[in-house]
>>> print(open('run34.pdb').read())   # PDB, C-alpha atoms
MODEL        1
ATOM      1  CA  MET A  62      -9.867 -10.980  10.602
ATOM      2  CA  ILE A  63      -6.689  -9.480  11.986
ATOM      3  CA  ILE A  64      -6.875  -5.703  12.324
ATOM      4  CA  LEU A  65      -3.917  -3.760  13.687
ATOM      5  CA  SER A  66      -3.715   0.003  13.925
ATOM      6  CA  SER A  67      -1.994   2.955  15.508
ATOM      7  CA  LEU A  68      -5.486   4.104  16.515
ATOM      8  CA  PRO A  69      -7.481   2.999  19.577
ATOM      9  CA  PRO A  70      -9.493  -0.243  19.062
ATOM     10  CA  ALA A  71     -12.802   1.607  18.752
ATOM     11  CA  LEU A  72     -11.408   3.773  15.928
ATOM     12  CA  ARG A  73      -9.210   1.330  14.063
ATOM     13  CA  LEU A  74     -11.500   1.182  11.007
ATOM     14  CA  GLN A  75     -12.218   4.922  11.128
ATOM     15  CA  PRO A  76     -10.053   7.849  10.022
ATOM     16  CA  PRO A  77      -8.116   9.598  12.787
ATOM     17  CA  PRO A  78      -9.263  13.080  13.844
ATOM     18  CA  LEU A  79      -7.980  15.615  11.324
ATOM     19  CA  ARG A  80      -5.228  17.777  12.703
ATOM     20  CA  THR A  81      -6.163  21.475  12.933
ATOM     21  CA  GLY A  82      -5.087  23.446   9.876
ATOM     22  CA  ALA A  83      -3.938  20.327   8.037
ATOM     23  CA  VAL A  84      -4.346  18.797   4.597
ATOM     24  CA  ARG A  85      -4.886  15.040   4.730
ATOM     25  CA  ILE A  86      -3.425  12.401   2.421
ATOM     26  CA  ALA A  87      -4.886   8.883   2.609
ATOM     27  CA  SER A  88      -2.761   6.200   0.966
ATOM     28  CA  ILE A  89      -4.147   2.709   0.385
ATOM     29  CA  ASP A  90      -2.481  -0.473  -0.852
ATOM     30  CA  VAL A  91      -4.001  -3.917  -1.419
ATOM     31  CA  GLU A  92      -2.244  -7.278  -1.737
ATOM     32  CA  TRP A  93      -3.759 -10.243  -3.533
ATOM     33  CA  THR A  94      -2.944 -13.697  -4.833
ATOM     34  CA  LYS A  95      -2.802 -14.226  -8.593
ATOM     35  CA  ASN A  96      -4.171 -17.029 -10.718
ATOM     36  CA  TYR A  97      -4.238 -16.371 -14.451
ATOM     37  CA  ARG A  98      -5.605 -19.832 -15.227
ATOM     38  CA  ILE A  99      -9.116 -18.633 -14.383
ATOM     39  CA  LYS A 100     -10.911 -15.366 -15.113
ATOM     40  CA  ASN A 101     -10.704 -12.901 -12.219
ATOM     41  CA  GLY A 102      -8.451 -15.314 -10.355
ATOM     42  CA  GLN A 103      -6.987 -12.591  -8.140
ATOM     43  CA  ARG A 104      -8.035 -12.804  -4.501
ATOM     44  CA  PRO A 105      -7.388  -9.885  -2.089
ATOM     45  CA  PHE A 106      -6.232 -10.884   1.363
ATOM     46  CA  CYS A 107      -4.564  -7.834   2.915
ATOM     47  CA  TYR A 108      -4.706  -4.057   2.733
ATOM     48  CA  SER A 109      -3.424  -1.073   4.652
ATOM     49  CA  VAL A 110      -4.096   2.640   4.816
ATOM     50  CA  ALA A 111      -1.664   5.336   5.935
ATOM     51  CA  TRP A 112      -3.054   8.708   7.019
ATOM     52  CA  LEU A 113      -0.745  11.711   6.672
ATOM     53  CA  ASP A 114      -1.812  15.174   7.887
ATOM     54  CA  LEU A 115       0.299  18.049   6.542
ATOM     55  CA  PRO A 116       0.186  21.806   7.220
ATOM     56  CA  THR A 117      -1.342  23.974   4.532
ATOM     57  CA  ASP A 118       1.513  26.460   4.771
ATOM     58  CA  GLY A 119       5.064  25.378   4.009
ATOM     59  CA  THR A 120       6.571  22.023   3.062
ATOM     60  CA  PRO A 121       7.648  20.128   6.180
ATOM     61  CA  ASP A 122      10.324  17.453   6.307
ATOM     62  CA  LEU A 123       8.234  14.275   6.200
ATOM     63  CA  ALA A 124      10.712  12.529   8.490
ATOM     64  CA  ASP A 125       9.349  14.767  11.255
ATOM     65  CA  VAL A 126       5.653  14.276  10.441
ATOM     66  CA  PRO A 127       3.808  11.505  12.352
ATOM     67  CA  PHE A 128       1.375   9.261  10.529
ATOM     68  CA  GLU A 129      -1.511   7.005  11.511
ATOM     69  CA  TRP A 130      -2.182   3.633   9.938
ATOM     70  CA  THR A 131      -4.425   0.575   9.886
ATOM     71  CA  SER A 132      -3.624  -2.905   8.541
ATOM     72  CA  VAL A 133      -6.227  -5.588   7.780
ATOM     73  CA  TYR A 134      -5.386  -9.220   7.004
ATOM     74  CA  VAL A 135      -7.663 -12.243   6.542
ATOM     75  CA  GLU A 136      -7.298 -14.979   9.122
ATOM     76  CA  GLU A 137      -9.022 -17.515   6.865
ATOM     77  CA  SER A 138     -10.196 -17.538   3.239
ATOM     78  CA  GLY A 139     -13.872 -17.181   4.180
ATOM     79  CA  GLU A 140     -13.187 -13.657   5.437
ATOM     80  CA  MET A 141     -12.463 -12.195   2.000
ATOM     81  CA  ASP A 142     -15.906 -10.564   1.682
ATOM     82  CA  GLU A 143     -15.487  -8.885   5.049
ATOM     83  CA  LEU A 144     -12.048  -7.638   4.093
ATOM     84  CA  ILE A 145     -13.416  -6.171   0.853
ATOM     85  CA  ARG A 146     -16.284  -4.472   2.702
ATOM     86  CA  ASN A 147     -13.773  -2.908   5.076
ATOM     87  CA  ALA A 148     -11.523  -1.842   2.203
ATOM     88  CA  ALA A 149     -14.458  -0.309   0.294
ATOM     89  CA  ALA A 150     -15.530   1.595   3.419
ATOM     90  CA  THR A 151     -11.962   2.808   3.947
ATOM     91  CA  VAL A 152     -11.754   4.083   0.376
ATOM     92  CA  ALA A 153     -15.111   5.851   0.733
ATOM     93  CA  VAL A 154     -14.245   7.540   4.029
ATOM     94  CA  ALA A 155     -10.850   8.536   2.621
ATOM     95  CA  ALA A 156     -12.615  10.355  -0.221
ATOM     96  CA  GLU A 157     -14.884  12.098   2.286
ATOM     97  CA  THR A 158     -12.158  13.244   4.676
ATOM     98  CA  SER A 159      -8.943  13.624   2.653
ATOM     99  CA  ARG A 160      -7.680  16.174   0.147
ATOM    100  CA  ILE A 161      -5.659  13.496  -1.649
ATOM    101  CA  ILE A 162      -6.501   9.795  -1.957
ATOM    102  CA  THR A 163      -3.547   7.925  -3.354
ATOM    103  CA  GLY A 164      -2.212   4.517  -4.273
ATOM    104  CA  HIS A 165       0.385   3.158  -6.673
ATOM    105  CA  GLN A 166      -1.399   1.750  -9.711
ATOM    106  CA  PHE A 167      -4.485   2.063  -7.552
ATOM    107  CA  CYS A 168      -6.747   1.283 -10.508
ATOM    108  CA  SER A 169      -5.614  -2.355 -10.243
ATOM    109  CA  ASP A 170      -6.349  -2.488  -6.516
ATOM    110  CA  LEU A 171      -9.845  -1.136  -7.068
ATOM    111  CA  ALA A 172     -10.508  -3.468 -10.005
ATOM    112  CA  VAL A 173      -9.524  -6.575  -8.041
ATOM    113  CA  LEU A 174     -11.616  -5.489  -5.053
ATOM    114  CA  GLU A 175     -14.662  -4.887  -7.244
ATOM    115  CA  ALA A 176     -14.257  -8.169  -9.148
ATOM    116  CA  ASN A 177     -14.502 -10.082  -5.858
ATOM    117  CA  ALA A 178     -16.842  -7.764  -3.977
ATOM    118  CA  PRO A 179     -20.131  -8.761  -2.336
ATOM    119  CA  ALA A 180     -23.050  -6.812  -3.785
ATOM    120  CA  ASP A 181     -23.276  -4.302  -0.937
ATOM    121  CA  ALA A 182     -19.651  -3.174  -1.458
ATOM    122  CA  VAL A 183     -19.823  -2.752  -5.241
ATOM    123  CA  PRO A 184     -21.336   0.788  -5.371
ATOM    124  CA  ARG A 185     -18.570   2.287  -3.236
ATOM    125  CA  LEU A 186     -15.892   0.657  -5.364
ATOM    126  CA  GLN A 187     -17.553   1.719  -8.608
ATOM    127  CA  GLU A 188     -17.692   5.293  -7.341
ATOM    128  CA  ALA A 189     -14.025   5.141  -6.393
ATOM    129  CA  ARG A 190     -13.060   3.840  -9.830
ATOM    130  CA  ALA A 191     -15.028   6.648 -11.468
ATOM    131  CA  GLN A 192     -13.260   9.210  -9.293
ATOM    132  CA  TRP A 193      -9.888   7.653 -10.147
ATOM    133  CA  LYS A 194     -10.644   7.851 -13.876
ATOM    134  CA  GLY A 195     -11.656  11.521 -13.545
ATOM    135  CA  ARG A 196      -8.774  12.512 -11.280
ATOM    136  CA  ARG A 197      -7.001  14.746 -13.811
ATOM    137  CA  ASP A 198     -10.093  16.885 -14.257
ATOM    138  CA  ALA A 199     -10.679  17.227 -10.499
ATOM    139  CA  ASP A 200     -10.176  20.436  -8.530
ATOM    140  CA  PRO A 201      -6.769  20.116  -6.791
ATOM    141  CA  ASP A 202      -8.153  22.136  -3.883
ATOM    142  CA  GLU A 203     -10.916  19.586  -3.339
ATOM    143  CA  SER A 204     -10.830  15.872  -2.582
ATOM    144  CA  HIS A 205      -9.190  14.079  -5.507
ATOM    145  CA  TYR A 206      -7.096  11.070  -6.477
ATOM    146  CA  VAL A 207      -3.375  11.033  -7.202
ATOM    147  CA  ASP A 208      -1.919   7.804  -8.570
ATOM    148  CA  THR A 209       1.820   7.810  -8.005
ATOM    149  CA  ARG A 210       2.466   5.415 -10.891
ATOM    150  CA  PHE A 211       0.938   7.798 -13.416
ATOM    151  CA  ASP A 212       0.876  11.246 -11.795
ATOM    152  CA  ALA A 213       4.404  11.743 -10.451
ATOM    153  CA  GLY A 214       6.244  11.819 -13.766
ATOM    154  CA  HIS A 215       7.200  15.479 -13.349
ATOM    155  CA  LEU A 216       9.509  14.411 -10.505
ATOM    156  CA  LEU A 217      11.220  11.585 -12.364
ATOM    157  CA  THR A 218      13.837  11.080 -15.056
ATOM    158  CA  GLY A 219      14.043   7.272 -15.055
ATOM    159  CA  LYS A 220      11.791   5.108 -17.205
ATOM    160  CA  SER A 221      10.630   2.655 -14.570
ATOM    161  CA  ARG A 222       7.438   3.397 -12.708
ATOM    162  CA  ARG A 223       7.647   0.466 -10.302
ATOM    163  CA  LEU A 224       7.054   1.808  -6.814
ATOM    164  CA  VAL A 225      10.446   0.656  -5.538
ATOM    165  CA  ASP A 226      12.224   2.341  -8.465
ATOM    166  CA  VAL A 227      10.249   5.566  -8.110
ATOM    167  CA  CYS A 228      11.146   5.693  -4.420
ATOM    168  CA  VAL A 229      14.840   4.955  -5.009
ATOM    169  CA  GLU A 230      15.065   7.691  -7.648
ATOM    170  CA  LEU A 231      13.480  10.193  -5.279
ATOM    171  CA  GLY A 232      15.678   9.264  -2.311
ATOM    172  CA  LEU A 233      13.220   7.194  -0.284
ATOM    173  CA  ASP A 234      14.869   4.137   1.263
ATOM    174  CA  VAL A 235      12.325   1.336   0.856
ATOM    175  CA  THR A 236      14.610  -1.685   1.166
ATOM    176  CA  GLN A 237      12.394  -4.786   1.325
ATOM    177  CA  PRO A 238      14.087  -7.493   3.411
ATOM    178  CA  GLU A 239      10.887  -9.538   3.360
ATOM    179  CA  LEU A 240      11.587 -10.552  -0.255
ATOM    180  CA  LEU A 241      15.293 -11.333  -0.110
ATOM    181  CA  LYS A 242      14.989 -15.141   0.035
ATOM    182  CA  VAL A 243      11.282 -15.967  -0.033
ATOM    183  CA  THR A 244       8.567 -14.510  -2.252
ATOM    184  CA  MET A 245       5.525 -12.713  -0.925
ATOM    185  CA  PRO A 246       3.110 -15.482  -2.091
ATOM    186  CA  ALA A 247       5.269 -18.048  -0.294
ATOM    187  CA  TRP A 248       5.164 -16.051   2.961
ATOM    188  CA  HIS A 249       1.399 -15.738   2.613
ATOM    189  CA  ARG A 250       1.062 -19.500   2.069
ATOM    190  CA  ARG A 251       3.107 -20.144   5.211
ATOM    191  CA  TRP A 252       0.487 -18.154   7.095
ATOM    192  CA  VAL A 253      -2.599 -19.627   5.388
ATOM    193  CA  GLU A 254      -1.460 -23.247   5.255
ATOM    194  CA  ASP A 255       0.839 -23.536   8.264
ATOM    195  CA  GLY A 256      -0.263 -20.709  10.552
ATOM    196  CA  GLN A 257       3.225 -19.178  10.606
ATOM    197  CA  ASP A 258       2.846 -15.689  12.053
ATOM    198  CA  GLU A 259       6.105 -14.525  10.519
ATOM    199  CA  GLY A 260       4.688 -14.959   7.019
ATOM    200  CA  ARG A 261       1.700 -12.728   7.775
ATOM    201  CA  GLU A 262       3.844 -10.203   9.624
ATOM    202  CA  ARG A 263       6.343  -9.877   6.792
ATOM    203  CA  VAL A 264       3.589  -9.339   4.223
ATOM    204  CA  SER A 265       1.808  -6.849   6.511
ATOM    205  CA  VAL A 266       4.963  -4.752   6.933
ATOM    206  CA  LEU A 267       5.665  -4.940   3.199
ATOM    207  CA  ASN A 268       2.118  -3.760   2.528
ATOM    208  CA  LEU A 269       2.338  -0.883   5.017
ATOM    209  CA  ARG A 270       5.655   0.158   3.473
ATOM    210  CA  HIS A 271       3.861   0.401   0.123
ATOM    211  CA  SER A 272       1.133   2.606   1.611
ATOM    212  CA  LEU A 273       3.460   4.902   3.523
ATOM    213  CA  SER A 274       6.031   5.371   0.760
ATOM    214  CA  THR A 275       3.203   6.087  -1.688
ATOM    215  CA  ALA A 276       1.873   8.748   0.696
ATOM    216  CA  TYR A 277       5.332  10.357   0.789
ATOM    217  CA  VAL A 278       5.617  10.365  -3.011
ATOM    218  CA  ALA A 279       2.117  11.864  -3.349
ATOM    219  CA  ALA A 280       2.951  14.573  -0.795
ATOM    220  CA  HIS A 281       6.131  15.443  -2.668
ATOM    221  CA  ALA A 282       4.324  15.438  -6.028
ATOM    222  CA  ALA A 283       1.721  17.863  -4.644
ATOM    223  CA  GLY A 284       4.347  20.159  -3.103
ATOM    224  CA  LEU A 285       3.093  19.404   0.407
ATOM    225  CA  GLY A 286       6.189  17.724   1.826
ATOM    226  CA  ARG A 287       9.887  17.052   1.318
ATOM    227  CA  TRP A 288      12.800  15.166   2.837
ATOM    228  CA  ALA A 289      16.468  15.848   3.362
ATOM    229  CA  GLU A 290      18.875  15.579   0.443
ATOM    230  CA  GLN A 291      20.424  12.429   1.920
ATOM    231  CA  GLY A 292      17.023  10.748   1.758
ATOM    232  CA  LEU A 293      14.352   9.378   4.058
ATOM    233  CA  ASN A 294      14.444   5.874   5.539
ATOM    234  CA  VAL A 295      10.861   4.594   5.301
ATOM    235  CA  ASN A 296      11.729   1.524   7.367
ATOM    236  CA  ARG A 297      12.779   3.753  10.250
ATOM    237  CA  ALA A 298       9.469   5.619   9.973
ATOM    238  CA  ILE A 299       7.602   2.289  10.178
ATOM    239  CA  ALA A 300       9.732   1.089  13.087
ATOM    240  CA  ASP A 301       8.754   4.224  15.016
ATOM    241  CA  GLY A 302       5.144   4.548  13.876
ATOM    242  CA  ALA A 303       4.215   0.858  14.197
ATOM    243  CA  LYS A 304       6.387  -0.074  17.167
ATOM    244  CA  GLY A 305       5.121  -3.193  18.905
ATOM    245  CA  ALA A 306       2.614  -4.110  16.180
ATOM    246  CA  TRP A 307       4.569  -7.000  14.655
ATOM    247  CA  GLY A 308       7.396  -9.123  15.976
ATOM    248  CA  TRP A 309       9.036  -8.870  12.547
ATOM    249  CA  LEU A 310       9.926  -5.253  13.331
ATOM    250  CA  GLU A 311      12.215  -6.545  16.101
ATOM    251  CA  ASN A 312      13.912  -9.144  13.899
ATOM    252  CA  SER A 313      17.605  -8.382  13.346
ATOM    253  CA  VAL A 314      17.102  -8.643   9.567
ATOM    254  CA  PHE A 315      14.736  -5.683   9.803
ATOM    255  CA  THR A 316      16.506  -3.686  12.506
ATOM    256  CA  GLU A 317      19.736  -3.700  10.479
ATOM    257  CA  LEU A 318      17.925  -1.387   8.063
ATOM    258  CA  LEU A 319      17.578   1.297  10.730
ATOM    259  CA  GLU A 320      21.244   2.277  10.776
ATOM    260  CA  PRO A 321      22.004   5.928   9.944
ATOM    261  CA  ARG A 322      22.782   5.094   6.326
ATOM    262  CA  CYS A 323      21.040   2.239   4.564
ATOM    263  CA  PRO A 324      21.057   2.427   0.748
ATOM    264  CA  SER A 325      17.922   1.112  -0.922
ATOM    265  CA  GLU A 326      18.187  -2.073  -2.914
ATOM    266  CA  SER A 327      15.932  -3.212  -5.692
ATOM    267  CA  ALA A 328      13.602  -6.018  -4.743
ATOM    268  CA  ALA A 329      10.963  -8.068  -6.450
ATOM    269  CA  LEU A 330       7.512  -6.562  -6.612
ATOM    270  CA  SER A 331       4.696  -8.094  -4.680
ATOM    271  CA  PRO A 332       2.414  -9.950  -7.146
ATOM    272  CA  SER A 333      -0.283  -7.275  -6.977
ATOM    273  CA  LYS A 334       2.168  -4.740  -8.475
ATOM    274  CA  ALA A 335       4.012  -7.034 -10.890
ATOM    275  CA  PRO A 336       3.225  -6.984 -14.618
ATOM    276  CA  LYS A 337       0.901  -9.637 -15.936
ATOM    277  CA  PRO A 338       2.809 -12.347 -17.834
ATOM    278  CA  ARG A 339       2.173 -12.670 -21.540
ATOM    279  CA  ALA A 340      -0.371 -15.283 -22.476
ATOM    280  CA  LYS A 341       0.927 -18.383 -24.227
ATOM    281  CA  PRO A 342       0.042 -18.514 -27.932
ATOM    282  CA  ARG A 343      -2.928 -20.705 -28.724
ATOM    283  CA  SER A 344      -2.248 -24.091 -30.190
ATOM    284  CA  SER A 345      -3.184 -24.491 -33.853
ATOM    285  CA  THR A 346      -5.211 -27.543 -32.848
ATOM    286  CA  ARG A 347      -7.684 -25.421 -30.888
TER     287      ARG A 347
ENDMDL
END
>>> encode(input="run34.pdb", output="structure tokens")
Amino acid sequence: MIILSSLPPALRLQPPPLRTGAVRIASIDVEWTKNYRIKNGQRPFCYSVAWLDLPTDGTPDLADVPFEWTSVYVEESGEMDELIRNAAATVAVAAETSRIITGHQFCSDLAVLEANAPADAVPRLQEARAQWKGRRDADPDESHYVDTRFDAGHLLTGKSRRLVDVCVELGLDVTQPELLKVTMPAWHRRWVEDGQDEGRERVSVLNLRHSLSTAYVAAHAAGLGRWAEQGLNVNRAIADGAKGAWGWLENSVFTELLEPRCPSESAALSPSKAPKPRAKPRSSTR
């Protein structure tokens, strides 16, 4: 299991200390492979959590607010149970320590985790799914879920609720160079089958970008944060907050995105956020 974090090694699977007088947002994103030829064919292999502590008074510019993060990636397929246990524990501790727990279409992340979970991780995931379903009846001053796919509509005028489109509409630059020529599943296969670090690093950065940009959208939706009218470059925030974690962050393809002005471009969704393809009609002979 490969675990990277902005936190010290002893704390990398724990939440960071809560800043004094702050409201915490915990944003979680899971990546998985898809196989619709078998029931529950999705297999999680990577997740990240971004921790964002915001003052209770005022709405700070999120470009000036530091964040903490942890990224977990399987090193081999037999580690999936351990990854799910870690993810379930992260979700549980987020609910215990954060005002807002968020994800983009987080119901799908939780469902895939539970479908593959070892028995000891199931109760935590079931509790999380129940809390997600009851999020609109929750006290906004207490710990509660915000799903940025479904709960940020008051900020938006466009029809699309893909994360990349939501971010672009709101002025968050989330350009995804990882997907320009090679798909996310292909990068993951290069890691699993060939041991190519770049594949894992690209997917890890993509995944962290999902978590961090979702945290920013949730903060904006809750009136807890803002960014300048010209926008906020999420890649620059990752370059600063995760400096040294992955060699991919030093690649010229990535560093070109850190220029003062870098307009977002649409990019393909990672499979865990893409719509499920329509099933083929059954043959009349069956």
>>> resolve_selection(input="run34.pdb", expression="the PyMOL selection byres ((chain A and resi 229) around 12)", output="number ranges by chain")
A: 217-219, 221-228, 230-237, 274, 278, 291-295, 323-328
>>> resolve_selection(input="run34.pdb", expression="the PyMOL selection byres ((chain A and resi 137-150) around 9)", output="PyMOL selection string")
chain A and resi 62+74+89+91+104-109+133-136+151-155+171+174-175+177-179+181-186+189+253
>>> resolve_selection(input="run34.pdb", expression="the PyMOL selection byres ((chain A and resi 165) around 8)", output="list in words")
Asp90, Thr163, Gly164, Gln166, Phe167, Asp208, Thr209, Arg210, Leu224 and Thr275 of chain A
>>> closest_residue(input="run34.pdb", among="A:Lys100, A:Arg297, A:His271, A:Lys304", to="Asp125 in chain A", atoms="only C-alpha atoms")
A:Arg297
>>> closest_residue(input="run34.pdb", among="A:Leu267, A:Ala176, A:Ile161, A:Ala124", to="Ala298 in chain A", atoms="all atoms listed in the file")
A:Ala124
>>> closest_residue(input="run34.pdb", among="A:Arg270, A:Arg263, A:His205, A:Arg250", to="Ser159 in chain A", atoms="only C-alpha atoms")
A:His205
>>> atom_distance(input="run34.pdb", atom1="CA of Leu216 in chain A", atom2="CA of Leu318 in chain A")
25.8 Å
>>> build_atoms(input="run34.pdb", residues="range 262-271 of chain A", atoms="all heavy atoms", output="PDB file, in the coordinates of the input")
ATOM      1  N   GLU A 262       3.224 -11.440   9.153  1.00  0.00           N
ATOM      2  CA  GLU A 262       3.844 -10.203   9.624  1.00  0.00           C
ATOM      3  C   GLU A 262       4.725  -9.583   8.547  1.00  0.00           C
ATOM      4  O   GLU A 262       4.714  -8.369   8.339  1.00  0.00           O
ATOM      5  CB  GLU A 262       4.655 -10.482  10.881  1.00  0.00           C
ATOM      6  CG  GLU A 262       3.784 -10.833  12.085  1.00  0.00           C
ATOM      7  CD  GLU A 262       4.579 -10.945  13.374  1.00  0.00           C
ATOM      8  OE1 GLU A 262       5.818 -10.784  13.323  1.00  0.00           O
ATOM      9  OE2 GLU A 262       3.957 -11.167  14.434  1.00  0.00           O
ATOM     10  N   ARG A 263       5.480 -10.411   7.855  1.00  0.00           N
ATOM     11  CA  ARG A 263       6.343  -9.877   6.792  1.00  0.00           C
ATOM     12  C   ARG A 263       5.509  -9.222   5.694  1.00  0.00           C
ATOM     13  O   ARG A 263       5.830  -8.136   5.225  1.00  0.00           O
ATOM     14  CB  ARG A 263       7.202 -10.995   6.204  1.00  0.00           C
ATOM     15  CG  ARG A 263       8.388 -11.409   7.073  1.00  0.00           C
ATOM     16  CD  ARG A 263       9.212 -12.466   6.380  1.00  0.00           C
ATOM     17  NE  ARG A 263      10.377 -12.871   7.153  1.00  0.00           N
ATOM     18  CZ  ARG A 263      11.631 -12.828   6.683  1.00  0.00           C
ATOM     19  NH1 ARG A 263      11.861 -12.404   5.460  1.00  0.00           N
ATOM     20  NH2 ARG A 263      12.642 -13.237   7.429  1.00  0.00           N
ATOM     21  N   VAL A 264       4.435  -9.900   5.275  1.00  0.00           N
ATOM     22  CA  VAL A 264       3.589  -9.339   4.223  1.00  0.00           C
ATOM     23  C   VAL A 264       2.902  -8.061   4.707  1.00  0.00           C
ATOM     24  O   VAL A 264       2.776  -7.085   3.960  1.00  0.00           O
ATOM     25  CB  VAL A 264       2.551 -10.374   3.750  1.00  0.00           C
ATOM     26  CG1 VAL A 264       1.597  -9.754   2.737  1.00  0.00           C
ATOM     27  CG2 VAL A 264       3.255 -11.578   3.130  1.00  0.00           C
ATOM     28  N   SER A 265       2.470  -8.033   5.965  1.00  0.00           N
ATOM     29  CA  SER A 265       1.808  -6.849   6.511  1.00  0.00           C
ATOM     30  C   SER A 265       2.741  -5.647   6.514  1.00  0.00           C
ATOM     31  O   SER A 265       2.338  -4.530   6.149  1.00  0.00           O
ATOM     32  CB  SER A 265       1.319  -7.129   7.936  1.00  0.00           C
ATOM     33  OG  SER A 265       0.342  -8.133   7.961  1.00  0.00           O
ATOM     34  N   VAL A 266       3.997  -5.855   6.915  1.00  0.00           N
ATOM     35  CA  VAL A 266       4.963  -4.752   6.933  1.00  0.00           C
ATOM     36  C   VAL A 266       5.280  -4.309   5.510  1.00  0.00           C
ATOM     37  O   VAL A 266       5.375  -3.111   5.220  1.00  0.00           O
ATOM     38  CB  VAL A 266       6.242  -5.169   7.690  1.00  0.00           C
ATOM     39  CG1 VAL A 266       7.329  -4.104   7.546  1.00  0.00           C
ATOM     40  CG2 VAL A 266       5.925  -5.392   9.165  1.00  0.00           C
ATOM     41  N   LEU A 267       5.438  -5.270   4.607  1.00  0.00           N
ATOM     42  CA  LEU A 267       5.665  -4.940   3.199  1.00  0.00           C
ATOM     43  C   LEU A 267       4.524  -4.075   2.667  1.00  0.00           C
ATOM     44  O   LEU A 267       4.737  -3.058   1.994  1.00  0.00           O
ATOM     45  CB  LEU A 267       5.774  -6.230   2.401  1.00  0.00           C
ATOM     46  CG  LEU A 267       5.969  -6.118   0.885  1.00  0.00           C
ATOM     47  CD1 LEU A 267       7.392  -5.703   0.558  1.00  0.00           C
ATOM     48  CD2 LEU A 267       5.638  -7.446   0.217  1.00  0.00           C
ATOM     49  N   ASN A 268       3.297  -4.479   2.983  1.00  0.00           N
ATOM     50  CA  ASN A 268       2.118  -3.760   2.528  1.00  0.00           C
ATOM     51  C   ASN A 268       2.053  -2.349   3.110  1.00  0.00           C
ATOM     52  O   ASN A 268       1.764  -1.373   2.392  1.00  0.00           O
ATOM     53  CB  ASN A 268       0.875  -4.568   2.899  1.00  0.00           C
ATOM     54  CG  ASN A 268      -0.422  -3.934   2.467  1.00  0.00           C
ATOM     55  OD1 ASN A 268      -1.278  -3.642   3.293  1.00  0.00           O
ATOM     56  ND2 ASN A 268      -0.599  -3.716   1.184  1.00  0.00           N
ATOM     57  N   LEU A 269       2.346  -2.214   4.405  1.00  0.00           N
ATOM     58  CA  LEU A 269       2.338  -0.883   5.017  1.00  0.00           C
ATOM     59  C   LEU A 269       3.442  -0.012   4.427  1.00  0.00           C
ATOM     60  O   LEU A 269       3.246   1.197   4.238  1.00  0.00           O
ATOM     61  CB  LEU A 269       2.498  -0.996   6.528  1.00  0.00           C
ATOM     62  CG  LEU A 269       2.487   0.335   7.298  1.00  0.00           C
ATOM     63  CD1 LEU A 269       1.195   1.110   7.048  1.00  0.00           C
ATOM     64  CD2 LEU A 269       2.691   0.092   8.791  1.00  0.00           C
ATOM     65  N   ARG A 270       4.584  -0.610   4.113  1.00  0.00           N
ATOM     66  CA  ARG A 270       5.655   0.158   3.473  1.00  0.00           C
ATOM     67  C   ARG A 270       5.182   0.726   2.135  1.00  0.00           C
ATOM     68  O   ARG A 270       5.485   1.859   1.778  1.00  0.00           O
ATOM     69  CB  ARG A 270       6.897  -0.719   3.268  1.00  0.00           C
ATOM     70  CG  ARG A 270       8.107   0.055   2.758  1.00  0.00           C
ATOM     71  CD  ARG A 270       9.285  -0.856   2.448  1.00  0.00           C
ATOM     72  NE  ARG A 270       9.789  -1.515   3.649  1.00  0.00           N
ATOM     73  CZ  ARG A 270       9.657  -2.822   3.881  1.00  0.00           C
ATOM     74  NH1 ARG A 270       9.032  -3.601   3.002  1.00  0.00           N
ATOM     75  NH2 ARG A 270      10.161  -3.349   4.985  1.00  0.00           N
ATOM     76  N   HIS A 271       4.424  -0.080   1.389  1.00  0.00           N
ATOM     77  CA  HIS A 271       3.861   0.401   0.123  1.00  0.00           C
ATOM     78  C   HIS A 271       2.958   1.616   0.363  1.00  0.00           C
ATOM     79  O   HIS A 271       3.053   2.629  -0.338  1.00  0.00           O
ATOM     80  CB  HIS A 271       3.044  -0.702  -0.556  1.00  0.00           C
ATOM     81  CG  HIS A 271       3.862  -1.831  -1.082  1.00  0.00           C
ATOM     82  ND1 HIS A 271       3.301  -3.036  -1.452  1.00  0.00           N
ATOM     83  CD2 HIS A 271       5.190  -1.961  -1.301  1.00  0.00           C
ATOM     84  CE1 HIS A 271       4.249  -3.854  -1.879  1.00  0.00           C
ATOM     85  NE2 HIS A 271       5.399  -3.228  -1.793  1.00  0.00           N
TER      86      HIS A 271
END
